file upload.cif (mmCIF, C-alpha atoms)
data_upload
loop_
_atom_site.group_PDB
_atom_site.id
_atom_site.type_symbol
_atom_site.label_atom_id
_atom_site.label_comp_id
_atom_site.auth_asym_id
_atom_site.auth_seq_id
_atom_site.Cartn_x
_atom_site.Cartn_y
_atom_site.Cartn_z
ATOM 1 C CA MET A 1 57.290 -26.055 16.824
ATOM 2 C CA ILE A 2 54.735 -24.586 19.192
ATOM 3 C CA ASN A 3 51.613 -26.674 19.565
ATOM 4 C CA ILE A 4 48.802 -24.247 18.705
ATOM 5 C CA ILE A 5 46.063 -26.613 19.888
ATOM 6 C CA SER A 6 47.762 -27.086 23.257
ATOM 7 C CA ILE A 7 48.047 -23.327 23.728
ATOM 8 C CA LYS A 8 44.374 -22.852 22.864
ATOM 9 C CA ASN A 9 43.322 -25.550 25.320
ATOM 10 C CA ASN A 10 45.343 -23.921 28.104
ATOM 11 C CA LEU A 11 44.424 -20.357 27.268
ATOM 12 C CA ASP A 12 41.983 -20.186 30.187
ATOM 13 C CA ASN A 13 44.836 -21.082 32.567
ATOM 14 C CA ILE A 14 47.010 -18.406 30.956
ATOM 15 C CA THR A 15 44.144 -15.950 31.434
ATOM 16 C CA PHE A 16 44.047 -16.847 35.118
ATOM 17 C CA LEU A 17 47.793 -16.169 35.412
ATOM 18 C CA VAL A 18 47.513 -12.810 33.632
ATOM 19 C CA LEU A 19 44.635 -11.741 35.892
ATOM 20 C CA LEU A 20 46.650 -12.770 38.960
ATOM 21 C CA ILE A 21 49.551 -10.564 37.828
ATOM 22 C CA SER A 22 47.096 -7.759 37.134
ATOM 23 C CA MET A 23 45.509 -7.975 40.578
ATOM 24 C CA LEU A 24 48.865 -7.953 42.362
ATOM 25 C CA SER A 25 50.048 -5.019 40.245
ATOM 26 C CA TYR A 26 46.953 -2.976 41.045
ATOM 27 C CA TRP A 27 47.179 -3.731 44.751
ATOM 28 C CA ILE A 28 50.859 -2.793 44.864
ATOM 29 C CA SER A 29 50.072 0.446 43.043
ATOM 30 C CA VAL A 30 47.278 1.327 45.473
ATOM 31 C CA THR A 31 49.330 0.375 48.547
ATOM 32 C CA PHE A 32 52.500 2.152 47.444
ATOM 33 C CA SER A 33 51.379 5.282 45.630
ATOM 34 C CA LYS A 34 54.899 6.052 44.398
ATOM 35 C CA LEU A 35 54.911 2.869 42.283
ATOM 36 C CA LYS A 36 52.720 4.275 39.521
ATOM 37 C CA ASN A 37 53.927 1.726 36.972
ATOM 38 C CA GLY A 38 52.060 -0.982 38.879
ATOM 39 C CA ALA A 39 48.728 0.407 37.703
ATOM 40 C CA LYS A 40 49.982 0.451 34.105
ATOM 41 C CA VAL A 41 51.070 -3.190 34.335
ATOM 42 C CA GLY A 42 47.687 -4.100 35.809
ATOM 43 C CA TYR A 43 45.844 -2.205 33.064
ATOM 44 C CA TYR A 44 47.772 -3.874 30.242
ATOM 45 C CA CYS A 45 47.271 -7.286 31.833
ATOM 46 C CA VAL A 46 43.508 -6.702 31.958
ATOM 47 C CA CYS A 47 43.608 -5.766 28.266
ATOM 48 C CA LEU A 48 45.553 -8.962 27.568
ATOM 49 C CA ALA A 49 43.094 -11.082 29.566
ATOM 50 C CA ASN A 50 40.213 -9.584 27.584
ATOM 51 C CA VAL A 51 41.971 -10.514 24.326
ATOM 52 C CA PHE A 52 42.589 -14.073 25.531
ATOM 53 C CA ILE A 53 38.939 -14.555 26.515
ATOM 54 C CA THR A 54 37.901 -13.160 23.134
ATOM 55 C CA ILE A 55 40.096 -15.794 21.458
ATOM 56 C CA ILE A 56 38.631 -18.587 23.626
ATOM 57 C CA LEU A 57 35.035 -17.619 22.931
ATOM 58 C CA GLY A 58 35.716 -16.839 19.275
ATOM 59 C CA SER A 59 37.342 -20.217 18.652
ATOM 60 C CA ARG A 60 34.426 -22.026 20.299
ATOM 61 C CA TRP A 61 32.017 -20.019 18.135
ATOM 62 C CA LEU A 62 33.862 -21.017 14.948
ATOM 63 C CA GLU A 63 34.191 -24.668 15.966
ATOM 64 C CA ASN A 64 30.594 -25.233 17.080
ATOM 65 C CA GLY A 65 28.714 -22.868 14.794
ATOM 66 C CA TYR A 66 26.718 -21.020 17.467
ATOM 67 C CA PHE A 67 27.332 -18.142 19.848
ATOM 68 C CA PRO A 68 29.265 -19.515 22.875
ATOM 69 C CA LEU A 69 26.712 -18.920 25.623
ATOM 70 C CA SER A 70 25.044 -22.303 25.785
ATOM 71 C CA ASN A 71 26.453 -23.525 29.110
ATOM 72 C CA LEU A 72 27.663 -22.187 32.450
ATOM 73 C CA TYR A 73 31.370 -22.304 31.541
ATOM 74 C CA GLU A 74 30.884 -20.143 28.468
ATOM 75 C CA SER A 75 28.603 -17.702 30.252
ATOM 76 C CA LEU A 76 31.140 -17.284 33.071
ATOM 77 C CA LEU A 77 33.894 -16.502 30.578
ATOM 78 C CA PHE A 78 31.626 -14.062 28.769
ATOM 79 C CA PHE A 79 30.815 -12.439 32.115
ATOM 80 C CA VAL A 80 34.544 -11.955 32.781
ATOM 81 C CA TRP A 81 34.958 -10.625 29.243
ATOM 82 C CA GLY A 82 32.314 -8.004 30.038
ATOM 83 C CA VAL A 83 33.937 -7.092 33.377
ATOM 84 C CA THR A 84 37.409 -6.729 31.858
ATOM 85 C CA PHE A 85 36.120 -4.767 28.857
ATOM 86 C CA ILE A 86 34.197 -2.297 31.024
ATOM 87 C CA ASN A 87 37.193 -2.045 33.366
ATOM 88 C CA VAL A 88 39.428 -1.108 30.430
ATOM 89 C CA MET A 89 36.964 1.513 29.195
ATOM 90 C CA ILE A 90 36.456 3.087 32.630
ATOM 91 C CA GLU A 91 40.138 3.226 33.484
ATOM 92 C CA TYR A 92 40.968 4.631 30.044
ATOM 93 C CA GLN A 93 38.552 7.494 30.677
ATOM 94 C CA THR A 94 39.212 8.112 34.390
ATOM 95 C CA ALA A 95 42.761 6.826 35.053
ATOM 96 C CA LEU A 96 41.468 5.540 38.403
ATOM 97 C CA PRO A 97 43.414 2.375 39.369
ATOM 98 C CA LEU A 98 40.978 1.596 42.195
ATOM 99 C CA VAL A 99 38.540 0.321 39.560
ATOM 100 C CA GLY A 100 40.972 -2.367 38.474
ATOM 101 C CA ALA A 101 41.929 -3.087 42.070
ATOM 102 C CA ILE A 102 38.357 -4.144 42.893
ATOM 103 C CA THR A 103 37.343 -5.792 39.599
ATOM 104 C CA THR A 104 40.403 -7.974 38.950
ATOM 105 C CA PRO A 105 39.889 -10.117 42.099
ATOM 106 C CA LEU A 106 36.327 -10.759 40.918
ATOM 107 C CA SER A 107 37.496 -11.689 37.418
ATOM 108 C CA LEU A 108 40.221 -13.909 38.865
ATOM 109 C CA PHE A 109 37.764 -15.745 41.119
ATOM 110 C CA VAL A 110 35.225 -16.320 38.324
ATOM 111 C CA VAL A 111 37.869 -17.624 35.916
ATOM 112 C CA ALA A 112 39.197 -19.931 38.640
ATOM 113 C CA PHE A 113 35.686 -21.214 39.352
ATOM 114 C CA ALA A 114 34.982 -21.808 35.653
ATOM 115 C CA THR A 115 38.255 -23.608 34.913
ATOM 116 C CA LEU A 116 38.991 -25.424 38.176
ATOM 117 C CA SER A 117 35.658 -26.060 39.911
ATOM 118 C CA LEU A 118 33.311 -26.910 37.064
ATOM 119 C CA PRO A 119 33.419 -30.544 35.907
ATOM 120 C CA GLU A 120 35.095 -31.116 32.563
ATOM 121 C CA GLY A 121 31.782 -32.222 31.111
ATOM 122 C CA MET A 122 30.264 -28.801 31.829
ATOM 123 C CA GLN A 123 33.191 -27.064 30.139
ATOM 124 C CA LYS A 124 32.871 -28.905 26.851
ATOM 125 C CA ALA A 125 30.599 -27.533 24.173
ATOM 126 C CA ALA A 126 27.541 -29.705 23.510
ATOM 127 C CA PRO A 127 24.771 -29.633 20.895
ATOM 128 C CA LEU A 128 22.163 -26.998 21.675
ATOM 129 C CA VAL A 129 18.959 -28.086 23.373
ATOM 130 C CA PRO A 130 15.839 -27.309 21.295
ATOM 131 C CA ALA A 131 14.936 -24.225 23.359
ATOM 132 C CA LEU A 132 18.312 -22.637 22.569
ATOM 133 C CA LYS A 133 18.176 -23.156 18.816
ATOM 134 C CA SER A 134 17.087 -19.612 18.135
ATOM 135 C CA ASN A 135 18.549 -16.337 16.925
ATOM 136 C CA TRP A 136 17.445 -14.894 20.272
ATOM 137 C CA LEU A 137 20.279 -16.771 22.002
ATOM 138 C CA MET A 138 22.866 -14.184 21.035
ATOM 139 C CA MET A 139 20.690 -11.146 21.740
ATOM 140 C CA HIS A 140 19.040 -12.154 25.007
ATOM 141 C CA VAL A 141 21.855 -13.994 26.794
ATOM 142 C CA SER A 142 24.678 -11.687 25.678
ATOM 143 C CA ILE A 143 22.798 -8.536 26.742
ATOM 144 C CA MET A 144 21.847 -10.084 30.074
ATOM 145 C CA MET A 145 25.457 -11.083 30.756
ATOM 146 C CA LEU A 146 26.707 -7.607 29.822
ATOM 147 C CA SER A 147 24.122 -6.081 32.151
ATOM 148 C CA TYR A 148 25.287 -8.363 34.977
ATOM 149 C CA SER A 149 28.918 -7.339 34.379
ATOM 150 C CA THR A 150 28.045 -3.642 34.334
ATOM 151 C CA LEU A 151 25.770 -3.732 37.375
ATOM 152 C CA ILE A 152 28.308 -5.762 39.347
ATOM 153 C CA ILE A 153 31.038 -3.175 38.687
ATOM 154 C CA GLY A 154 28.716 -0.315 39.658
ATOM 155 C CA SER A 155 27.788 -2.140 42.851
ATOM 156 C CA LEU A 156 31.440 -2.810 43.679
ATOM 157 C CA LEU A 157 32.170 0.904 43.364
ATOM 158 C CA SER A 158 29.335 1.611 45.812
ATOM 159 C CA ILE A 159 30.715 -0.974 48.231
ATOM 160 C CA LEU A 160 34.138 0.671 47.977
ATOM 161 C CA PHE A 161 32.489 4.033 48.680
ATOM 162 C CA LEU A 162 30.918 2.608 51.839
ATOM 163 C CA VAL A 163 34.243 1.127 52.958
ATOM 164 C CA LEU A 164 36.102 4.415 52.507
ATOM 165 C CA THR A 165 33.400 6.392 54.335
ATOM 166 C CA SER A 166 32.933 3.868 57.139
ATOM 167 C CA GLY A 167 32.491 5.617 60.487
ATOM 168 C CA LYS A 168 32.246 9.074 58.932
ATOM 169 C CA GLU A 169 29.259 11.386 58.521
ATOM 170 C CA VAL A 170 29.003 11.776 54.770
ATOM 171 C CA ASP A 171 26.410 13.896 53.022
ATOM 172 C CA LEU A 172 26.437 14.280 49.252
ATOM 173 C CA GLN A 173 24.162 17.068 48.060
ATOM 174 C CA GLY A 174 23.053 18.247 44.648
ATOM 175 C CA SER A 175 22.195 16.577 41.364
ATOM 176 C CA SER A 176 23.490 13.100 40.646
ATOM 177 C CA ILE A 177 23.965 14.067 37.017
ATOM 178 C CA GLY A 178 26.064 17.161 37.534
ATOM 179 C CA TYR A 179 28.637 18.294 40.052
ATOM 180 C CA ILE A 180 28.133 17.055 43.601
ATOM 181 C CA ASN A 181 29.009 19.170 46.609
ATOM 182 C CA PHE A 182 30.604 17.120 49.346
ATOM 183 C CA ARG A 183 30.324 17.837 53.061
ATOM 184 C CA ASN A 184 31.962 15.662 55.688
ATOM 185 C CA GLU A 185 31.550 16.989 59.216
ATOM 186 C CA ASN A 186 34.261 14.794 60.712
ATOM 187 C CA LEU A 187 36.816 15.850 58.113
ATOM 188 C CA VAL A 188 35.909 19.532 58.582
ATOM 189 C CA ARG A 189 36.278 19.214 62.353
ATOM 190 C CA ASP A 190 39.618 17.407 62.032
ATOM 191 C CA LYS A 191 40.816 19.983 59.571
ATOM 192 C CA SER A 192 39.872 22.879 61.905
ATOM 193 C CA ILE A 193 41.728 21.312 64.823
ATOM 194 C CA ALA A 194 44.777 20.730 62.644
ATOM 195 C CA ILE A 195 44.783 24.351 61.507
ATOM 196 C CA LEU A 196 44.627 25.614 65.093
ATOM 197 C CA GLU A 197 47.406 23.329 66.256
ATOM 198 C CA SER A 198 49.693 23.683 63.259
ATOM 199 C CA SER A 199 52.608 26.036 63.527
ATOM 200 C CA THR A 200 53.251 26.818 59.894
ATOM 201 C CA ALA A 201 51.228 27.630 56.788
ATOM 202 C CA ILE A 202 52.944 24.797 54.910
ATOM 203 C CA GLU A 203 51.470 22.206 57.267
ATOM 204 C CA ASN A 204 48.022 23.746 56.860
ATOM 205 C CA ASN A 205 48.343 23.612 53.084
ATOM 206 C CA THR A 206 49.414 19.953 53.193
ATOM 207 C CA ILE A 207 46.401 19.000 55.319
ATOM 208 C CA THR A 208 44.056 20.896 53.003
ATOM 209 C CA GLN A 209 45.438 19.185 49.908
ATOM 210 C CA SER A 210 45.176 15.740 51.532
ATOM 211 C CA SER A 211 41.543 16.316 52.536
ATOM 212 C CA SER A 212 40.717 17.708 49.103
ATOM 213 C CA LYS A 213 42.140 14.631 47.368
ATOM 214 C CA LYS A 214 40.057 12.332 49.557
ATOM 215 C CA LEU A 215 36.894 14.346 48.896
ATOM 216 C CA ASN A 216 37.530 14.263 45.146
ATOM 217 C CA LEU A 217 38.062 10.498 45.274
ATOM 218 C CA LEU A 218 34.774 9.928 47.095
ATOM 219 C CA GLU A 219 32.928 12.201 44.683
ATOM 220 C CA SER A 220 34.457 10.329 41.743
ATOM 221 C CA LEU A 221 33.475 6.919 43.133
ATOM 222 C CA ASP A 222 29.935 8.053 43.884
ATOM 223 C CA ASN A 223 29.406 9.562 40.427
ATOM 224 C CA LEU A 224 31.123 6.688 38.639
ATOM 225 C CA SER A 225 28.980 4.112 40.429
ATOM 226 C CA TYR A 226 25.841 5.981 39.409
ATOM 227 C CA ARG A 227 26.900 6.285 35.778
ATOM 228 C CA VAL A 228 27.943 2.636 35.452
ATOM 229 C CA ILE A 229 24.689 1.388 36.980
ATOM 230 C CA GLY A 230 22.867 3.855 34.742
ATOM 231 C CA LEU A 231 24.434 2.020 31.791
ATOM 232 C CA GLY A 232 23.711 -1.476 33.098
ATOM 233 C CA PHE A 233 20.049 -0.866 33.921
ATOM 234 C CA PRO A 234 18.816 -0.280 30.334
ATOM 235 C CA LEU A 235 20.847 -3.305 29.227
ATOM 236 C CA LEU A 236 19.031 -5.370 31.860
ATOM 237 C CA THR A 237 15.693 -3.969 30.697
ATOM 238 C CA ILE A 238 16.386 -4.820 27.051
ATOM 239 C CA GLY A 239 17.600 -8.279 28.041
ATOM 240 C CA ILE A 240 14.435 -9.032 30.018
ATOM 241 C CA ILE A 241 12.201 -7.850 27.166
ATOM 242 C CA ALA A 242 14.164 -9.932 24.642
ATOM 243 C CA GLY A 243 13.883 -12.935 26.962
ATOM 244 C CA ALA A 244 10.121 -12.505 27.214
ATOM 245 C CA VAL A 245 9.760 -12.479 23.426
ATOM 246 C CA TRP A 246 11.998 -15.543 23.141
ATOM 247 C CA ALA A 247 10.040 -17.324 25.893
ATOM 248 C CA ASN A 248 6.821 -16.755 23.969
ATOM 249 C CA GLU A 249 8.349 -18.379 20.894
ATOM 250 C CA ALA A 250 9.895 -21.313 22.797
ATOM 251 C CA TRP A 251 7.353 -22.006 25.547
ATOM 252 C CA GLY A 252 4.195 -20.207 24.413
ATOM 253 C CA ALA A 253 4.120 -17.603 27.192
ATOM 254 C CA TYR A 254 5.888 -14.287 27.701
ATOM 255 C CA TRP A 255 6.250 -14.798 31.457
ATOM 256 C CA SER A 256 6.108 -18.027 33.451
ATOM 257 C CA TRP A 257 7.407 -16.899 36.880
ATOM 258 C CA ASP A 258 10.361 -19.197 36.399
ATOM 259 C CA PRO A 259 12.947 -18.688 39.236
ATOM 260 C CA LYS A 260 15.334 -17.071 36.753
ATOM 261 C CA GLU A 261 12.612 -14.719 35.516
ATOM 262 C CA THR A 262 11.482 -13.870 39.031
ATOM 263 C CA TRP A 263 14.966 -12.952 40.214
ATOM 264 C CA ALA A 264 15.603 -10.977 37.037
ATOM 265 C CA LEU A 265 12.522 -8.930 37.923
ATOM 266 C CA ILE A 266 13.755 -8.505 41.518
ATOM 267 C CA THR A 267 17.138 -7.339 40.191
ATOM 268 C CA TRP A 268 15.383 -4.865 37.896
ATOM 269 C CA LEU A 269 13.293 -3.489 40.779
ATOM 270 C CA VAL A 270 16.329 -3.070 43.075
ATOM 271 C CA PHE A 271 18.305 -1.047 40.555
ATOM 272 C CA ALA A 272 15.218 0.865 39.440
ATOM 273 C CA ALA A 273 14.817 1.905 43.073
ATOM 274 C CA TYR A 274 18.503 2.893 43.178
ATOM 275 C CA LEU A 275 18.252 5.096 40.085
ATOM 276 C CA HIS A 276 15.017 6.643 41.367
ATOM 277 C CA ALA A 277 16.691 7.354 44.707
ATOM 278 C CA ARG A 278 19.648 9.005 43.018
ATOM 279 C CA ILE A 279 17.499 11.758 41.507
ATOM 280 C CA THR A 280 16.002 12.541 44.911
ATOM 281 C CA LYS A 281 18.164 15.017 46.837
ATOM 282 C CA ALA A 282 17.376 13.298 50.134
ATOM 283 C CA TRP A 283 18.983 10.098 48.775
ATOM 284 C CA GLN A 284 22.627 10.940 48.148
ATOM 285 C CA GLY A 285 25.774 9.280 49.424
ATOM 286 C CA LYS A 286 25.499 6.307 51.734
ATOM 287 C CA LYS A 287 21.818 5.425 51.352
ATOM 288 C CA PRO A 288 21.846 4.701 47.606
ATOM 289 C CA ALA A 289 25.273 3.081 48.007
ATOM 290 C CA ILE A 290 23.729 0.630 50.491
ATOM 291 C CA LEU A 291 20.944 -0.082 47.991
ATOM 292 C CA ALA A 292 23.490 -0.714 45.235
ATOM 293 C CA SER A 293 25.385 -3.038 47.597
ATOM 294 C CA ILE A 294 22.186 -5.040 48.070
ATOM 295 C CA GLY A 295 21.953 -5.152 44.286
ATOM 296 C CA PHE A 296 25.383 -6.801 44.202
ATOM 297 C CA VAL A 297 24.000 -9.775 46.148
ATOM 298 C CA VAL A 298 20.771 -9.871 44.146
ATOM 299 C CA VAL A 299 22.630 -10.030 40.817
ATOM 300 C CA TRP A 300 24.655 -13.026 41.984
ATOM 301 C CA ILE A 301 21.509 -14.790 43.191
ATOM 302 C CA CYS A 302 19.877 -14.140 39.831
ATOM 303 C CA TYR A 303 22.898 -15.286 37.858
ATOM 304 C CA LEU A 304 24.271 -18.234 39.858
ATOM 305 C CA GLY A 305 22.146 -18.732 42.963
ATOM 306 C CA VAL A 306 19.074 -19.826 41.022
ATOM 307 C CA ASN A 307 21.201 -22.330 39.095
ATOM 308 C CA PHE A 308 21.874 -24.275 42.298
ATOM 309 C CA LEU A 309 18.155 -24.922 42.694
ATOM 310 C CA GLY A 310 17.981 -27.123 39.610
ATOM 311 C CA LYS A 311 14.416 -26.026 38.969
ATOM 312 C CA GLY A 312 12.684 -24.047 36.283
ATOM 313 C CA LEU A 313 12.647 -23.720 32.516
ATOM 314 C CA HIS A 314 16.253 -22.507 32.265
ATOM 315 C CA SER A 315 17.514 -26.067 32.635
ATOM 316 C CA TYR A 316 20.675 -25.511 30.605
ATOM 317 C CA GLY A 317 22.039 -23.358 33.432
ATOM 318 C CA TRP A 318 21.616 -25.883 36.250
ATOM 319 C CA ILE A 319 24.636 -26.667 38.395
ATOM 320 C CA LEU A 320 23.126 -29.588 40.259
#

call {"tool": "encode", "arguments": {"input": "upload.cif", "output": "structure tokens"}}
result
Amino acid sequence: MINIISIKNNLDNITFLVLLISMLSYWISVTFSKLKNGAKVGYYCVCLANVFITIILGSRWLENGYFPLSNLYESLLFFVWGVTFINVMIEYQTALPLVGAITTPLSLFVVAFATLSLPEGMQKAAPLVPALKSNWLMMHVSIMMLSYSTLIIGSLLSILFLVLTSGKEVDLQGSSIGYINFRNENLVRDKSIAILESSTAIENNTITQSSSKKLNLLESLDNLSYRVIGLGFPLLTIGIIAGAVWANEAWGAYWSWDPKETWALITWLVFAAYLHARITKAWQGKKPAILASIGFVVVWICYLGVNFLGKGLHSYGWIL
């Protein structure tokens, strides 16, 4: 008979294995475009990993009687749950395997850190500290973690955009909301030379189709990054407001300039600047992508970097 308890205790390790298979499948699919089934395997593995994390968090919720976001281990798993869930939704809508190719390594690393690097004592559920015994725990922390997951994915898409356009003059013009016209001087010059040197119309048509596919991919990444960050920003805003209300109930002040609060504000300002830049025609393409890439670092400082300090009112999140 299968030991159900043993399986549940090792479900995080199984999740790690599934994410590893998913990452390799995505990378094989991207490297060898003819192997289209690799992306499907990766997609289904991400779905499976999301289900496993749901079971882990759900079982802890039932066992302990409170929403499983009281320690770093649980918050890391919930963060991965958010990343995998958003990945599934995006890929379902866009059928773009590059999204999974860049998010699964992140999910794999976070799960490995949570299960292998954190001490066993930090992985076990413990009674809530007085400050966490509130109905605001579910609302504030869950929304903040979902905003981190969303903003991280949007930032990763911007980083991928910068990698693909490295060394090229890229200028995206038009509205960020609607269709974006793409102009790449290097690609146009290369295309003109190829047309002059080519001997047949078939070769010209092949070059045109190849360039067109690359332009469409860059446009898709740029728009997708904007839309994903546009979803994460209001979540971050709601999370900060909910945290301020909770702080007033727990500590008697809406804002205490705690390191966690300060970096949450910095994160909010960075992505507010990004969204403001996106609606300005002079800020299309690489410039806002660079700003979103900075946001990637800022989110990690806000989420984990502050925890290494061991200072502030958010003591339950300390690593030291």

call {"tool": "resolve_selection", "arguments": {"input": "upload.cif", "expression": "the PyMOL selection byres ((chain A and resi 60) around 12)", "output": "list in words"}}
result
Lys8, Asn9, Ile53, Thr54, Ile55, Ile56, Leu57, Gly58, Ser59, Trp61, Leu62, Glu63, Asn64, Gly65, Tyr66, Phe67, Pro68, Leu69, Ser70, Asn71, Tyr73, Glu74, Leu77, Phe78, Gln123, Lys124, Ala125 and Ala126 of chain A

call {"tool": "residues_around", "arguments": {"input": "upload.cif", "residues": "Phe271 of chain A", "least_positions_apart": "3", "cutoff": "8 Å", "atoms": "all atoms listed in the file", "output": "ChimeraX atom specification"}}
result
/A:229,233,267-268,274-275,291-292,295

call {"tool": "write_last_selection", "arguments": {"input": "upload.cif", "atoms": "C-alpha atoms", "output": "mmCIF file, keeping the file's coordinate frame"}}
result
data_model
loop_
_atom_site.group_PDB
_atom_site.id
_atom_site.type_symbol
_atom_site.label_atom_id
_atom_site.label_comp_id
_atom_site.auth_asym_id
_atom_site.auth_seq_id
_atom_site.Cartn_x
_atom_site.Cartn_y
_atom_site.Cartn_z
ATOM 1 C CA ILE A 229 24.689 1.388 36.980
ATOM 2 C CA PHE A 233 20.049 -0.866 33.921
ATOM 3 C CA THR A 267 17.138 -7.339 40.191
ATOM 4 C CA TRP A 268 15.383 -4.865 37.896
ATOM 5 C CA TYR A 274 18.503 2.893 43.178
ATOM 6 C CA LEU A 275 18.252 5.096 40.085
ATOM 7 C CA LEU A 291 20.944 -0.082 47.991
ATOM 8 C CA ALA A 292 23.490 -0.714 45.235
ATOM 9 C CA GLY A 295 21.953 -5.152 44.286
#

call {"tool": "atom_distance", "arguments": {"input": "upload.cif", "atom1": "atom CA of Ala289 of chain A", "atom2": "atom CA of Gly42 of chain A"}}
result
26.5 Å

call {"tool": "resolve_selection", "arguments": {"input": "upload.cif", "expression": "the PyMOL selection byres ((chain A and resi 10-17) around 10)", "output": "PyMOL selection string"}}
result
chain A and resi 5-9+18-23+45-46+48-53+55-56+77+107-112+114-116

call {"tool": "resolve_selection", "arguments": {"input": "upload.cif", "expression": "the PyMOL selection byres ((chain A and resi 244-251) around 10)", "output": "MDAnalysis selection string"}}
result
chainID A and resid 130:137 139:140 238:243 252:256 261 313

call {"tool": "closest_residue", "arguments": {"input": "upload.cif", "among": "A:Phe32, A:Phe296, A:Tyr148, A:Tyr226", "to": "His276 of chain A", "atoms": "all atoms listed in the file"}}
result
A:Tyr226

call {"tool": "atom_distance", "arguments": {"input": "upload.cif", "atom1": "atom CA of Glu91 of chain A", "atom2": "atom CA of Ser166 of chain A"}}
result
24.7 Å

call {"tool": "atom_distance", "arguments": {"input": "upload.cif", "atom1": "atom CA of Ser75 of chain A", "atom2": "atom CA of Ser117 of chain A"}}
result
14.6 Å

call {"tool": "residues_around", "arguments": {"input": "upload.cif", "residues": "Ile86 of chain A", "least_positions_apart": "2", "cutoff": "10 Å", "atoms": "all atoms listed in the file", "output": "VMD selection string"}}
result
chain A and resid 80 to 84 88 to 92 99 103 146 149 to 150 153 228
